[in-house]
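In what follows, a structure is listed as structure tokens, so that the remarks can point back to it.
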Amino acid sequence: MPVYCITGANRGLGLEFVRQLAKLQDNTIIATTRSKSSDLSDLKAVSSPNTHILECDTADLNSIQAFATETKKTLEGKKIDFLLNNAGVNSVPTQNSLSIGPEDLQREISINVLGPAKTVEFLLGEDLLAQNVRIMNMTSGLGSMSVSLSINPRKCATYSISKAGLNMLTVHQSGDLKSKLSDVVVICMDPGWVKTRMGGEGAVLEPEVSIGGMLKVVHELQESDTGKFYTYTGEEVKW
Ligand SMILES: NC(=O)c1ccc[n+]([C@@H]2O[C@H](COP(=O)([O-])OP(=O)(O)OC[C@H]3O[C@@H](n4cnc5c(N)ncnc54)[C@H](OP(=O)(O)O)[C@@H]3O)[C@@H](O)[C@H]2O)c1
């Protein structure tokens, strides 16, 4: 039965991924949290006996490597079939392109771009990715140039720039992994505007609907879909 790995699983959309996937008891789930000292009660409540909660701070390269090593021990020869790079931050939504804080941009790039890059690199280094692994980088409509051009005034410059970087990472991973894994598919996906702490006031979608849609899209991916950008409904998004 398939092995799923989800980053940022202690709350929000990551938690909803685990809730839905854990309903099938045969699924093996690696659910990661930035820190094991966080409140993990919600995550434990939705976990199945085959859910393993591991620490992975995606802003910290040592933590990501330690997580990859720990995953190797946990999976005992099994490999990851679905890697859902979900962890992300949007900590300074009011900044625009004329007020970007240098440290804020560095932090968002570190978590939203370098984190997913190194997660893939280090899991591959431990030979933990299945030949036909599906990798989903959780992006945002705000990471699309086309979508951002249509929003006036523009929104969340710092975050938007980092998610555009994540989109480009997706394009590069989809090319670079081809020589390492025979049937790999890498995509990025916009979950819609969802009712989580990040989604905040005004969000319109229930996590259940967004994640139900995303899982359907991820499960139906074909090799020819690699390197593309989708919404949770399966529509392709213009870069
Ligand atoms: N909600 C939306 O409307 C929306 C829209 C577009 C895109 N997204 C994307 O969807 C993903 C999930 O968002 P969400 O709405 O679920 O946000 P959320 O409720 O704020 O949850 C974010 C998750 O990411 C984790 N995280 C943050 N920094 C981390 C780090 N350094 N290492 C490991 N985990 C870290 C958080 O862990 P802690 O609890 O430890 O902070 C938390 O589990 C993000 O990539 C976000 O950009 C969301």
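Ordered as shown in the structure tokens, chains take letters A, B, and onward, while each chain numbers its residues from 1 and ligands are numbered from 1 in the order shown.
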
Legend entry - Env. residues ligand 1 / 7 Å / only C-alpha atoms and all ligand atoms / as number ranges by chain: A: 7-14, 33-35, 38, 56-59, 86-90, 111-112, 138-141, 190-199, 203

Write to file, as a PDB file, in the first residue's frame, the residues of the selection just made, with C-alpha atoms.
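What landed in result_21.pdb:
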```pdb
ATOM      1  CA  THR A   7       5.374  18.295   5.657  1.00  0.00           C
ATOM      2  CA  GLY A   8       3.749  20.763   8.064  1.00  0.00           C
ATOM      3  CA  ALA A   9       1.154  18.205   9.150  1.00  0.00           C
ATOM      4  CA  ASN A  10       0.364  19.441  12.671  1.00  0.00           C
ATOM      5  CA  ARG A  11      -2.328  21.914  11.573  1.00  0.00           C
ATOM      6  CA  GLY A  12      -4.090  23.512   8.616  1.00  0.00           C
ATOM      7  CA  LEU A  13      -3.990  21.797   5.235  1.00  0.00           C
ATOM      8  CA  GLY A  14      -1.255  19.350   6.231  1.00  0.00           C
ATOM      9  CA  THR A  33       6.046  18.707  12.234  1.00  0.00           C
ATOM     10  CA  ARG A  34       8.449  21.609  12.626  1.00  0.00           C
ATOM     11  CA  SER A  35       8.989  20.652  16.266  1.00  0.00           C
ATOM     12  CA  SER A  38       4.487  21.720  19.289  1.00  0.00           C
ATOM     13  CA  CYS A  56      11.327  18.281  10.153  1.00  0.00           C
ATOM     14  CA  ASP A  57      11.964  22.008  10.311  1.00  0.00           C
ATOM     15  CA  THR A  58      12.019  22.936   6.638  1.00  0.00           C
ATOM     16  CA  ALA A  59      13.947  26.127   7.416  1.00  0.00           C
ATOM     17  CA  ASN A  86       2.969  21.446   2.183  1.00  0.00           C
ATOM     18  CA  ALA A  87       4.772  23.412   4.934  1.00  0.00           C
ATOM     19  CA  GLY A  88       4.835  27.126   4.215  1.00  0.00           C
ATOM     20  CA  VAL A  89       4.592  30.619   5.664  1.00  0.00           C
ATOM     21  CA  ASN A  90       3.089  33.958   4.716  1.00  0.00           C
ATOM     22  CA  ILE A 111      10.905  27.828   4.121  1.00  0.00           C
ATOM     23  CA  ASN A 112       8.852  28.048   0.917  1.00  0.00           C
ATOM     24  CA  MET A 138       2.088  23.423  -2.417  1.00  0.00           C
ATOM     25  CA  THR A 139       2.074  26.800  -4.104  1.00  0.00           C
ATOM     26  CA  SER A 140      -0.514  29.574  -4.329  1.00  0.00           C
ATOM     27  CA  GLY A 141      -2.337  31.451  -7.064  1.00  0.00           C
ATOM     28  CA  ASP A 190      -2.853  25.964  -5.602  1.00  0.00           C
ATOM     29  CA  PRO A 191      -5.225  24.772  -2.844  1.00  0.00           C
ATOM     30  CA  GLY A 192      -7.646  27.717  -3.292  1.00  0.00           C
ATOM     31  CA  TRP A 193      -8.395  30.185  -0.500  1.00  0.00           C
ATOM     32  CA  VAL A 194      -8.911  27.868   2.444  1.00  0.00           C
ATOM     33  CA  LYS A 195     -10.103  28.330   6.029  1.00  0.00           C
ATOM     34  CA  THR A 196      -6.871  27.784   7.967  1.00  0.00           C
ATOM     35  CA  ARG A 197      -4.751  30.070  10.139  1.00  0.00           C
ATOM     36  CA  MET A 198      -2.950  31.246   6.989  1.00  0.00           C
ATOM     37  CA  GLY A 199      -6.154  31.566   4.973  1.00  0.00           C
ATOM     38  CA  ALA A 203     -11.319  32.400   3.183  1.00  0.00           C
TER      39      ALA A 203
END
```

Legend entry - Backbone-only DSSP, strand (DSSP E or B) members of segment 26-225 of chain A, as an MDAnalysis selection string: chainID A and resid 28:33 51:55 80:85 129:138 185:190 194 205

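Note that the spacing between atom CA of Val113 of chain A and atom CA of Gly165 of chain A amounts to 6.3 Å.
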
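Among the candidates A:Glu108, A:Phe17, A:Gly143, A:Pro2, the one nearest to Val209 of chain A when counting only C-alpha atoms is A:Phe17.
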
Legend entry - Per-residue DSSP, segment 137-186 of chain A, filtered to alpha helix (DSSP H), as an MDAnalysis selection string: chainID A and resid 145:149 157:176

Write out as a Markdown table the residues of segment 140-197 of chain A that have any atom within 6 Å of an atom of segment 214-228 of chain A, one row each with the nearest atom pair and its distance in Å to one decimal, counting only C-alpha atoms, sorted by chain and then rising number.
```
| residue | atom | partner | partner_atom | distance |
| --- | --- | --- | --- | --- |
| A:Val171 | CA | A:Gly227 | CA | 4.9 |
| A:Ser174 | CA | A:Gly227 | CA | 5.2 |
| A:Val185 | CA | A:Thr226 | CA | 4.6 |
| A:Val186 | CA | A:Thr226 | CA | 5.1 |
| A:Ile187 | CA | A:Lys228 | CA | 5.2 |
```

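Distances here use only C-alpha atoms; by that measure, the residue among A:Phe229, A:Phe122, A:Tyr4, A:Phe82 closest to Ile64 of chain A is A:Phe122.
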
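With atom CA of Gly125 of chain A on one side and atom CA of Thr51 of chain A on the other, the separation reads 22.9 Å.
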
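Excluding Glu103 of chain A itself and any same-chain residue fewer than 6 positions from it, the protein and nucleic acid residues within 12 Å of it, counting only C-alpha atoms, are Ser91, Val92, Ile109, Ser110 and Thr158 of chain A.
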
Written file, previous selection with all heavy atoms, as a PDB file, in the first residue's frame:
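And here's out.pdb as it stands now:
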```
ATOM      1  N   SER A  91       4.257  35.284   6.393  1.00  0.00           N
ATOM      2  CA  SER A  91       4.285  35.981   7.679  1.00  0.00           C
ATOM      3  C   SER A  91       4.195  37.498   7.580  1.00  0.00           C
ATOM      4  O   SER A  91       3.945  38.152   8.581  1.00  0.00           O
ATOM      5  CB  SER A  91       5.509  35.550   8.486  1.00  0.00           C
ATOM      6  OG  SER A  91       6.583  35.302   7.655  1.00  0.00           O
ATOM      7  N   VAL A  92       4.384  38.077   6.391  1.00  0.00           N
ATOM      8  CA  VAL A  92       4.333  39.539   6.290  1.00  0.00           C
ATOM      9  C   VAL A  92       3.435  39.950   5.114  1.00  0.00           C
ATOM     10  O   VAL A  92       3.895  40.585   4.149  1.00  0.00           O
ATOM     11  CB  VAL A  92       5.753  40.136   6.147  1.00  0.00           C
ATOM     12  CG1 VAL A  92       6.468  40.154   7.483  1.00  0.00           C
ATOM     13  CG2 VAL A  92       6.598  39.356   5.132  1.00  0.00           C
ATOM     14  N   ILE A 109      11.822  32.579   1.555  1.00  0.00           N
ATOM     15  CA  ILE A 109      12.474  31.760   0.519  1.00  0.00           C
ATOM     16  C   ILE A 109      13.055  30.496   1.163  1.00  0.00           C
ATOM     17  O   ILE A 109      12.968  29.399   0.606  1.00  0.00           O
ATOM     18  CB  ILE A 109      13.558  32.586  -0.211  1.00  0.00           C
ATOM     19  CG1 ILE A 109      12.850  33.719  -0.947  1.00  0.00           C
ATOM     20  CG2 ILE A 109      14.420  31.691  -1.128  1.00  0.00           C
ATOM     21  CD1 ILE A 109      13.233  34.078  -2.309  1.00  0.00           C
ATOM     22  N   SER A 110      13.599  30.669   2.356  1.00  0.00           N
ATOM     23  CA  SER A 110      14.183  29.503   3.036  1.00  0.00           C
ATOM     24  C   SER A 110      13.117  28.429   3.285  1.00  0.00           C
ATOM     25  O   SER A 110      13.327  27.245   3.002  1.00  0.00           O
ATOM     26  CB  SER A 110      14.810  29.990   4.350  1.00  0.00           C
ATOM     27  OG  SER A 110      15.053  28.916   5.196  1.00  0.00           O
ATOM     28  N   THR A 158       5.974  39.605  -0.679  1.00  0.00           N
ATOM     29  CA  THR A 158       7.087  38.762  -0.218  1.00  0.00           C
ATOM     30  C   THR A 158       6.750  37.282  -0.427  1.00  0.00           C
ATOM     31  O   THR A 158       7.534  36.499  -0.981  1.00  0.00           O
ATOM     32  CB  THR A 158       7.370  39.067   1.271  1.00  0.00           C
ATOM     33  OG1 THR A 158       7.435  40.488   1.414  1.00  0.00           O
ATOM     34  CG2 THR A 158       8.662  38.461   1.746  1.00  0.00           C
TER      35      THR A 158
END
```

Legend entry - Shell of 9 Å around Ser97 of chain A, only C-alpha atoms, local chain residues under 3 positions omitted, as JSON, numbers by chain: {"A": [100, 156, 157, 158]}

How would the residues just picked look written out with all heavy atoms as an mmCIF file, in the first residue's frame?
```cif
data_model
loop_
_atom_site.group_PDB
_atom_site.id
_atom_site.type_symbol
_atom_site.label_atom_id
_atom_site.label_comp_id
_atom_site.auth_asym_id
_atom_site.auth_seq_id
_atom_site.Cartn_x
_atom_site.Cartn_y
_atom_site.Cartn_z
ATOM 1 N N ILE A 100 9.702 45.508 1.057
ATOM 2 C CA ILE A 100 10.115 44.143 1.428
ATOM 3 C C ILE A 100 11.228 44.186 2.485
ATOM 4 O O ILE A 100 12.229 44.889 2.323
ATOM 5 C CB ILE A 100 10.631 43.380 0.178
ATOM 6 C CG1 ILE A 100 9.460 43.098 -0.762
ATOM 7 C CG2 ILE A 100 11.319 42.071 0.575
ATOM 8 C CD1 ILE A 100 9.868 42.509 -2.096
ATOM 9 N N CYS A 156 0.436 40.569 -1.076
ATOM 10 C CA CYS A 156 1.436 39.691 -0.420
ATOM 11 C C CYS A 156 2.715 39.543 -1.250
ATOM 12 O O CYS A 156 3.097 38.419 -1.641
ATOM 13 C CB CYS A 156 0.853 38.311 -0.174
ATOM 14 S SG CYS A 156 -0.648 38.272 0.801
ATOM 15 N N ALA A 157 3.420 40.675 -1.491
ATOM 16 C CA ALA A 157 4.589 40.642 -2.382
ATOM 17 C C ALA A 157 5.640 39.608 -1.951
ATOM 18 O O ALA A 157 6.114 38.817 -2.779
ATOM 19 C CB ALA A 157 5.225 42.021 -2.444
ATOM 20 N N THR A 158 5.974 39.605 -0.679
ATOM 21 C CA THR A 158 7.087 38.762 -0.218
ATOM 22 C C THR A 158 6.750 37.282 -0.427
ATOM 23 O O THR A 158 7.534 36.499 -0.981
ATOM 24 C CB THR A 158 7.370 39.067 1.271
ATOM 25 O OG1 THR A 158 7.435 40.488 1.414
ATOM 26 C CG2 THR A 158 8.662 38.461 1.746
#
```

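Excluding Arg19 of chain A itself and same-chain residues fewer than 2 positions from it, the residues having an atom within 10 Å of it are A:Ala9, A:Leu13, A:Gly14, A:Leu15, A:Glu16, A:Phe17, A:Leu21, A:Ala22, A:Lys23, A:Leu24, A:Asp42, A:Leu43, A:Lys44, A:Ala45, A:Val46, A:Ser47, A:Ser48, A:Glu208, A:Ile211, counting only C-alpha atoms.
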
What does the file look like for those residues with C-alpha atoms, as a compact mmCIF listing (two decimals), in the first residue's frame?
```
# COMPACT_ATOMS: atom_id res chain seq x y z
CA ALA A 9 1.15 18.20 9.15
CA LEU A 13 -3.99 21.80 5.23
CA GLY A 14 -1.26 19.35 6.23
CA LEU A 15 -3.43 18.08 9.07
CA GLU A 16 -6.36 17.65 6.67
CA PHE A 17 -4.16 15.58 4.32
CA LEU A 21 -5.34 9.63 4.17
CA ALA A 22 -5.45 7.96 7.59
CA LYS A 23 -9.00 6.77 6.92
CA LEU A 24 -7.41 4.04 4.78
CA ASP A 42 -4.92 17.34 16.65
CA LEU A 43 -2.44 15.36 14.58
CA LYS A 44 -2.45 12.42 17.00
CA ALA A 45 -6.25 12.49 17.04
CA VAL A 46 -6.50 11.97 13.25
CA SER A 47 -3.57 9.55 12.93
CA SER A 48 -3.89 5.84 12.10
CA GLU A 208 -11.98 19.04 3.46
CA ILE A 211 -7.67 18.56 0.14
```

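We find atom CA of Ala164 of chain A and atom CA of Leu142 of chain A to be spaced 7.8 Å apart.
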